[in-house]
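*Asks:* One file is attached below, upload-v3.txt, containing compact mmCIF, C-alpha atoms.
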# COMPACT_ATOMS: atom_id res chain seq x y z
CA MET A 1 22.44 12.16 12.45
CA THR A 2 18.86 10.99 11.94
CA LEU A 3 17.78 8.85 9.00
CA ALA A 4 15.75 11.77 7.61
CA THR A 5 18.80 14.04 7.76
CA GLN A 6 21.13 11.46 6.18
CA ILE A 7 18.73 10.73 3.33
CA ALA A 8 18.20 14.45 2.71
CA ALA A 9 21.97 14.96 2.56
CA ASP A 10 22.38 12.02 0.18
CA LEU A 11 19.60 13.23 -2.13
CA LEU A 12 21.36 16.57 -2.44
CA ASP A 13 24.80 14.99 -2.84
CA ILE A 14 23.81 12.64 -5.69
CA LYS A 15 21.68 15.35 -7.33
CA ALA A 16 18.42 13.48 -6.97
CA VAL A 17 17.12 16.85 -5.76
CA TYR A 18 17.69 20.21 -7.42
CA LEU A 19 16.91 23.51 -5.68
CA GLN A 20 16.40 26.61 -7.81
CA PRO A 21 14.37 29.13 -5.81
CA GLU A 22 15.35 31.98 -8.14
CA GLU A 23 14.72 30.00 -11.37
CA PRO A 24 11.79 27.71 -10.57
CA PHE A 25 10.91 24.50 -12.38
CA THR A 26 7.49 23.84 -13.90
CA TRP A 27 5.94 20.57 -12.73
CA ALA A 28 3.68 18.51 -14.99
CA SER A 29 0.74 19.92 -13.02
CA GLY A 30 1.76 23.44 -14.07
CA ILE A 31 2.92 24.39 -10.57
CA LYS A 32 5.99 26.63 -10.50
CA SER A 33 8.34 25.01 -8.00
CA PRO A 34 11.75 25.85 -6.51
CA ILE A 35 12.50 22.13 -6.17
CA TYR A 36 12.69 19.20 -8.55
CA THR A 37 13.13 15.62 -7.35
CA ASP A 38 14.04 12.46 -9.25
CA ASN A 39 14.42 9.66 -6.72
CA ARG A 40 15.03 7.12 -9.49
CA VAL A 41 18.60 8.38 -9.36
CA THR A 42 19.01 6.74 -5.94
CA LEU A 43 19.00 3.32 -7.58
CA SER A 44 22.32 4.12 -9.26
CA TYR A 45 24.12 4.76 -5.95
CA PRO A 46 24.53 1.56 -3.88
CA GLU A 47 25.28 3.29 -0.55
CA THR A 48 22.29 5.61 -0.83
CA ARG A 49 20.11 2.79 -2.14
CA THR A 50 21.04 0.58 0.80
CA LEU A 51 20.42 3.42 3.27
CA ILE A 52 16.95 3.93 1.79
CA GLU A 53 15.97 0.26 1.57
CA ASN A 54 17.12 -0.45 5.14
CA GLY A 55 15.22 2.65 6.22
CA PHE A 56 12.10 1.34 4.52
CA VAL A 57 12.42 -2.03 6.24
CA GLU A 58 12.84 -0.54 9.73
CA THR A 59 10.03 1.96 9.15
CA ILE A 60 7.64 -0.76 8.00
CA LYS A 61 8.54 -2.96 10.98
CA GLU A 62 7.88 -0.03 13.32
CA HIS A 63 4.65 1.30 11.84
CA PHE A 64 3.14 -1.70 10.07
CA PRO A 65 4.44 -4.84 11.85
CA GLU A 66 1.49 -6.95 10.69
CA VAL A 67 2.32 -6.45 6.97
CA GLU A 68 1.89 -9.55 4.78
CA VAL A 69 2.67 -8.22 1.29
CA ILE A 70 4.67 -5.33 -0.16
CA ALA A 71 3.40 -3.51 -3.25
CA GLY A 72 5.16 -0.92 -5.38
CA THR A 73 3.52 1.76 -7.48
CA ALA A 74 4.30 1.64 -11.19
CA THR A 75 6.88 2.56 -12.05
CA ALA A 76 8.91 4.38 -9.41
CA GLY A 77 7.88 2.21 -6.47
CA ILE A 78 8.58 -1.11 -8.21
CA PRO A 79 12.38 -1.45 -7.73
CA HIS A 80 12.30 -0.22 -4.13
CA GLY A 81 9.31 -2.43 -3.31
CA ALA A 82 10.97 -5.51 -4.79
CA ILE A 83 14.15 -4.96 -2.78
CA ILE A 84 12.19 -4.36 0.43
CA ALA A 85 10.04 -7.47 -0.09
CA ASP A 86 13.21 -9.50 -0.62
CA LYS A 87 14.82 -8.12 2.54
CA MET A 88 11.67 -8.86 4.55
CA ASN A 89 11.03 -12.23 2.89
CA LEU A 90 7.54 -11.13 1.89
CA PRO A 91 5.49 -11.48 -1.30
CA PHE A 92 5.73 -8.61 -3.78
CA SER A 93 3.25 -7.14 -6.23
CA TYR A 94 2.93 -3.90 -8.11
CA ILE A 95 0.01 -1.66 -8.98
CA ARG A 96 -0.45 -0.07 -12.39
CA SER A 97 -1.89 3.42 -12.80
CA LYS A 98 -4.77 1.79 -14.68
CA PRO A 99 -5.76 -1.76 -15.72
CA LYS A 100 -4.04 -3.26 -18.75
CA ASP A 101 -6.02 -2.89 -21.96
CA HIS A 102 -5.17 -6.44 -23.05
CA GLY A 103 -4.81 -9.94 -21.64
CA ALA A 104 -6.39 -10.38 -18.21
CA GLY A 105 -6.73 -6.62 -17.77
CA ASN A 106 -4.89 -6.66 -14.47
CA GLN A 107 -4.16 -3.50 -12.52
CA ILE A 108 -2.45 -5.36 -9.68
CA GLU A 109 0.35 -7.61 -10.90
CA GLY A 110 1.49 -10.54 -8.80
CA ARG A 111 -0.54 -12.85 -6.61
CA VAL A 112 -2.46 -11.12 -3.84
CA ILE A 113 -5.12 -12.59 -1.59
CA LYS A 114 -8.31 -10.98 -0.38
CA ASN A 115 -7.89 -9.38 3.08
CA GLN A 116 -4.08 -9.65 2.82
CA LYS A 117 -2.38 -6.83 4.75
CA MET A 118 -0.46 -4.64 2.31
CA VAL A 119 2.01 -1.74 2.54
CA ILE A 120 2.41 0.30 -0.64
CA ILE A 121 5.80 1.79 -1.56
CA GLU A 122 6.16 5.12 -3.38
CA ASP A 123 9.27 7.19 -4.10
CA LEU A 124 7.87 10.72 -3.87
CA ILE A 125 4.76 12.40 -2.47
CA SER A 126 3.62 15.67 -3.98
CA THR A 127 -0.17 15.79 -3.71
CA GLY A 128 -0.48 12.03 -3.18
CA GLY A 129 -2.99 11.57 -5.97
CA SER A 130 -1.30 8.74 -7.88
CA VAL A 131 -0.45 6.57 -4.87
CA LEU A 132 -3.93 7.08 -3.42
CA ASP A 133 -5.32 5.80 -6.72
CA ALA A 134 -3.16 2.69 -6.18
CA VAL A 135 -4.55 2.37 -2.65
CA ALA A 136 -8.08 2.59 -4.01
CA ALA A 137 -7.34 -0.12 -6.60
CA ALA A 138 -5.96 -2.43 -3.91
CA LYS A 139 -8.93 -1.83 -1.63
CA ALA A 140 -11.32 -2.49 -4.52
CA ALA A 141 -9.61 -5.87 -4.89
CA GLY A 142 -10.40 -6.66 -1.27
CA ILE A 143 -6.91 -6.02 0.08
CA ASP A 144 -6.35 -4.51 3.53
CA VAL A 145 -4.04 -1.55 2.84
CA LEU A 146 -2.24 -0.68 6.08
CA GLY A 147 -0.59 2.42 4.69
CA VAL A 148 1.92 4.04 2.35
CA VAL A 149 5.66 4.47 2.89
CA ALA A 150 7.66 6.83 0.66
CA ILE A 151 11.21 8.11 0.42
CA PHE A 152 10.37 11.80 0.40
CA THR A 153 7.47 14.23 0.70
CA TYR A 154 7.17 17.89 -0.29
CA GLU A 155 4.84 18.24 2.73
CA LEU A 156 2.28 20.11 0.65
CA PRO A 157 -0.94 20.89 2.51
CA LYS A 158 -2.92 19.30 -0.33
CA ALA A 159 -1.17 15.96 0.25
CA LYS A 160 -1.99 16.03 3.96
CA GLU A 161 -5.61 16.79 3.13
CA ASN A 162 -5.80 14.02 0.52
CA PHE A 163 -4.38 11.34 2.81
CA GLU A 164 -6.61 12.42 5.69
CA ASN A 165 -9.70 12.38 3.47
CA ALA A 166 -8.78 8.91 2.22
CA GLY A 167 -8.12 7.64 5.75
CA VAL A 168 -4.68 6.38 4.72
CA LYS A 169 -1.59 6.48 6.93
CA LEU A 170 1.51 7.95 5.28
CA VAL A 171 5.06 7.57 6.62
CA THR A 172 8.10 9.01 4.81
CA LEU A 173 11.81 8.49 5.32
CA SER A 174 12.67 12.16 4.79
CA ASN A 175 10.88 15.38 4.00
CA TYR A 176 11.04 18.90 2.58
CA THR A 177 11.61 20.60 5.94
CA GLU A 178 14.64 18.42 6.67
CA LEU A 179 16.02 18.83 3.16
CA ILE A 180 15.98 22.62 3.03
CA LYS A 181 17.54 22.71 6.50
CA VAL A 182 20.40 20.50 5.29
CA ALA A 183 20.67 22.52 2.05
CA LYS A 184 21.20 25.76 3.99
CA VAL A 185 23.80 24.23 6.35
CA GLN A 186 25.73 22.69 3.46
CA GLY A 187 25.65 25.83 1.31
CA TYR A 188 23.34 24.68 -1.48
CA ILE A 189 21.17 27.75 -0.89
CA ASN A 190 21.56 31.17 0.74
CA ALA A 191 19.28 32.86 3.26
CA ASP A 192 17.06 34.41 0.56
CA GLY A 193 16.71 31.04 -1.13
CA LEU A 194 15.73 29.44 2.17
CA THR A 195 13.03 32.08 2.65
CA LEU A 196 11.58 31.35 -0.80
CA LEU A 197 11.67 27.60 -0.17
CA LYS A 198 9.82 28.03 3.11
CA LYS A 199 7.20 30.21 1.40
CA PHE A 200 6.66 27.53 -1.26
CA LYS A 201 5.81 24.94 1.38
CA GLU A 202 3.26 27.30 2.91
CA ASN A 203 1.58 28.35 -0.33
CA GLN A 204 2.43 27.03 -3.80
CA GLU A 205 0.50 29.80 -5.55
CA THR A 206 1.85 32.93 -3.85
CA TRP A 207 5.41 31.97 -2.84
CA GLN A 208 6.97 34.10 -5.60
CA ASP A 209 4.95 37.25 -4.77
What do you get writing this file as structure tokens?
*Replies:*
Amino acid sequence: MTLATQIAADLLDIKAVYLQPEEPFTWASGIKSPIYTDNRVTLSYPETRTLIENGFVETIKEHFPEVEVIAGTATAGIPHGAIIADKMNLPFSYIRSKPKDHGAGNQIEGRVIKNQKMVIIEDLISTGGSVLDAVAAAKAAGIDVLGVVAIFTYELPKAKENFENAGVKLVTLSNYTELIKVAKVQGYINADGLTLLKKFKENQETWQD
């Protein structure tokens, strides 16, 4: 079993992911979606948490071997990033969604050095907007952002476009395609549900038509 398959199975098992193709969720963006993900739940399950953190470490070593500092996005990427940095014996920092409105007004917390090679940790990629804002903040501070690593991606075309336009490499431990495959095999969804889930990935606006 691949890492992507195992993580997908774990996310379903611990109910970090809910699939409701017939009764869709409404995301904060207003998108009607057959899937809802809360990867913060993974922190409460030591076996799954260890699987994910070890997966992060091996993925970073493979794709970004020159990394010098790990950064987490606030707030979801902070706990994972801190664990990864500890495992890799690297400095850790985190990046706020916007600068503080008091004190030193920092957006990047922790000590980072200009031209330091950074990998940014995120838990979930939908369109990629928030983590790409974090990348932009790090680059503005003179940091060399090697790329982004996340637990899971919905594989939305908009995310692919956004990362390509930003010139940022994205690597994820698991993904939507793998998850719905596992969900069908394990009986979380039926054939009609699988069809709807596939349509959502192709077009978020017309998948219910």
*Asks:* Starting from the point (11.0, 9.2, 0.1), work out which residues of protein, DNA or RNA have an atom no more than 8 Å away when counting only C-alpha atoms; state them as an MDAnalysis selection string.
*Replies:* chainID A and resid 39 122:125 149:153 172:175
*Asks:* For CA of Glu23 in chain A and CA of Ser130 in chain A, determine how far apart the two atoms are, in Å to one decimal place.
*Replies:*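 Computing the Euclidean distance for CA of Glu23 in chain A and CA of Ser130 in chain A yields 26.8 Å.
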*Asks:* Which residue, A:Ala71, A:Leu132, A:Ile60, A:Ala140, has the smallest gap to Ile120 in chain A when you use all atoms listed in the file?
*Replies:*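 Closest to Ile120 in chain A of all the choices is A:Ala71.
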*Asks:* Would you work out the distance separating CA of Thr195 in chain A from CA of Thr37 in chain A, expressed in Å to one decimal?
*Replies:*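 Answer for the CA of Thr195 in chain A to CA of Thr37 in chain A separation: 19.3 Å.
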*Asks:* In terms of the shortest atom-to-atom distance over only C-alpha atoms, which of A:Ala183, A:Ile14, A:Glu62, A:Tyr94 is closest to Pro46 in chain A?
*Replies:*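 Closest candidate: A:Ile14.
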*Asks:* What's the 12 Å shell around Arg40 in chain A, counting all atoms listed in the file, without same-chain residues fewer than 5 positions away, as a PyMOL selection string?
*Replies:* chain A and resi 11+14-17+45+48-49+52+75-80+122-124+151-152
*Asks:* Kindly give the distance, in Å, that separates CA of Asn165 in chain A and CA of Val119 in chain A, rounded to a single decimal.
*Replies:*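 Pair CA of Asn165 in chain A / CA of Val119 in chain A returns 18.4 Å.
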*Asks:* The centre and edge lengths of an axis-aligned box containing all atoms of range 121-135 of chain A present in the file, extended by 3 Å on each side, are to be given in Å to one decimal, as JSON.
*Replies:*
{"center_x": 2.0, "center_y": 8.8, "center_z": -4.7, "size_x": 20.6, "size_y": 20.0, "size_z": 12.3}
*Asks:* Considering all atoms listed in the file, state which residue in the set A:Pro24, A:Pro91, A:Gly30, A:Gly72 is at the smallest distance from Val148 in chain A.
*Replies:* A:Gly72
*Asks:* Starting from the point (-6.5, 12.8, 2.3), work out which residues of protein, DNA or RNA have an atom no more than 12 Å away when counting all atoms listed in the file; state them as a ChimeraX atom specification.
*Replies:* /A:127-129,131-133,135,156-170
*Asks:* Could you check the closest approach to Ile180 in chain A for each of A:Ile70, A:Leu43, A:Ile121, A:Phe200 and tell me which residue wins, using only C-alpha atoms?
*Replies:*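 Closest to Ile180 in chain A of all the choices is A:Phe200.
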*Asks:* Skip Asn203 in chain A itself and residues of its chain fewer than 3 positions away, then list as a short mmCIF file (atom, residue, chain, number, x, y, z; two decimals) with C-alpha atoms, in the frame of the given file all residues within 12 Å of it, counting all atoms listed in the file.
*Replies:*
data_model
loop_
_atom_site.label_atom_id
_atom_site.label_comp_id
_atom_site.auth_asym_id
_atom_site.auth_seq_id
_atom_site.Cartn_x
_atom_site.Cartn_y
_atom_site.Cartn_z
CA ILE A 31 2.92 24.39 -10.57
CA LYS A 32 5.99 26.63 -10.50
CA SER A 33 8.34 25.01 -8.00
CA TYR A 154 7.17 17.89 -0.29
CA GLU A 155 4.84 18.24 2.73
CA LEU A 156 2.28 20.11 0.65
CA PRO A 157 -0.94 20.89 2.51
CA LYS A 158 -2.92 19.30 -0.33
CA LEU A 196 11.58 31.35 -0.80
CA LEU A 197 11.67 27.60 -0.17
CA LYS A 198 9.82 28.03 3.11
CA LYS A 199 7.20 30.21 1.40
CA PHE A 200 6.66 27.53 -1.26
CA THR A 206 1.85 32.93 -3.85
CA TRP A 207 5.41 31.97 -2.84
CA GLN A 208 6.97 34.10 -5.60
CA ASP A 209 4.95 37.25 -4.77
#
*Asks:* From the options A:Glu109, A:Glu58, A:Glu53, A:Glu22, which residue's atoms come nearest to Asp192 in chain A, counting all atoms listed in the file?
*Replies:*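 Between A:Glu109, A:Glu58, A:Glu53, A:Glu22, the residue approaching Asp192 in chain A most closely is A:Glu22.
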